[in-house]
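Before any comments, here is the structure.
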Amino acid sequence: MDWLRQLPIGQYVAGGGWLRQLDPRLKFLWSLAFLLTPVLAGPGWRLALVVLLLALTFCSGIALRVWQRSLPALLALSLAVGLLAAFLPSGQEKPLPLQRPPVEQKLPAPPAWVLFQAGPLRITKRSAELGLNTASLLFTVMHSANLLLVSTPPEELAWGISALLRPLERLGVPVQKLGFQLLLALRFVPLVQEELQNLTRGLATRALNLRQLGWKQLLGLVLALGERLLANVLLRAEQGAEALLARSDLWRSPAALRVPRKPLIWLDGMGLLALLLLMALRMRFGSL
């Protein structure tokens, strides 16, 4: 029943590896690059980002037990969503314009729009491209964010984002308070998973046979579990708010909560050069 703890999604896992030693501001910029560069990019660039993410995961120094369960599940989910988008109707294909060439000129054969067809199931070039874009985008967004959260402590992440947003303080934006709120939100994610774990454990101890339940009873059970989960999460949030109010609205900046560490200049320099190289390749080869 501890399957949620075996899937460290959105939680920091302590350990070694060069990725954990990288500057959190640089890791946040890399995550933004993985999120923004697929926009208006071709299928080749999207697949290249997936391969790059997998290579970073295997070479990051993170233990195998951290991603051996979550990564295959995410790959299967992305593949299923991509196949679903590929088999769904993608709209009518645009026909080629009719032309009247000279007699001595021969027109090339029209492209084959239908790539696969088995009864009512059909994959066209347009639907295949849509499925590829959907699957690659889903994997890139989820795995890049998960890799950032797994390899970065919440205090480091909140400090890095606050440091990048520090120029907005001149415009009156409370960057330090926003960073503290982000830190509280990151600390709140494990509590939500713990409440969900407790509810599923309590459901398993009652030995309910879900196959014997009808659709109405099963839907009622799901709604009851969702209502109880929301109530428990709100109760945890209320307790956290009361704890902050008991301290007379005392809050600290992320820089004060961060444990200082010795930066590796050579590692950060290589990461910055690799990021600049990635952006240059996107401008050169990533367009449609």
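Residue numbering restarts at 1 for every chain of the structure tokens, chains are lettered A, B, ... in their displayed order, and ligands are numbered from 1 as they appear.
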Within 7 Å of segment 137-154 of chain A, counting only C-alpha atoms, which residues qualify if same-chain residues fewer than 6 places away don't, as a list of chain:residue names?
A:Ile9, A:Gly10, A:Gln11, A:Tyr12, A:Val13, A:Leu19, A:Arg20, A:Pro24, A:Lys27, A:Ser31, A:Phe34, A:Leu35, A:Val50, A:Leu74, A:Leu75, A:Ser78, A:Leu183, A:Leu186
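Between atom CA of Phe87 of chain A and atom CA of Ser127 of chain A the interatomic distance comes to 6.9 Å.
Interatomic distance, atom CA of Leu203 of chain A to atom CA of Trp215 of chain A: 17.6 Å.
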Contacts of Ala274 of chain A within 12 Å, only C-alpha atoms, excl. fewer than 6 positions in-chain, as a VMD selection string:
chain A and resid 26 to 27 29 to 30 33 52 267 to 268 280 to 281
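Compared by their closest atoms to Leu199 of chain A, and using only C-alpha atoms, the residues A:Asn232, A:Asn133, A:Ser60, A:Gln181 rank with A:Asn232 nearest.
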Just the residues within 10 Å of Ala63 of chain A, please, counting only C-alpha atoms, with nothing from its chain fewer than 4 positions along; format it as a ChimeraX atom specification.
/A:13-17,57-58,67-68
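With only C-alpha atoms as the atoms that count, the minimum distance from Leu56 of chain A to the choices A:Leu272, A:Trp18, A:Leu213, A:Leu219 is reached by A:Trp18.
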May I ask which of the residues A:Trp45, A:Phe188, A:Phe180, A:Trp159 is the closest one to Leu132 of chain A, counting only C-alpha atoms?
A:Trp45
From the options A:Trp266, A:Leu83, A:Ser136, A:Arg211, which residue's atoms come nearest to Ala48 of chain A, counting only C-alpha atoms?
A:Ser136
Residue nearest Arg284 of chain A among A:Gly226, A:Glu194, A:Gly42, A:Leu165 (counting only C-alpha atoms):
A:Gly42
Name all residues at most 7 Å from Ala158 of chain A (count only C-alpha atoms; drop same-chain ones fewer than 5 positions away) and give them as a PyMOL selection string.
chain A and resi 179+182-183+254
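Between atom CA of Gln197 of chain A and atom CA of Ala135 of chain A the separation is 28.4 Å.
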Pick from A:Leu276, A:Ala73, A:Leu64, A:Ile123, whichever lies nearest to Leu88 of chain A using only C-alpha atoms:
A:Ile123
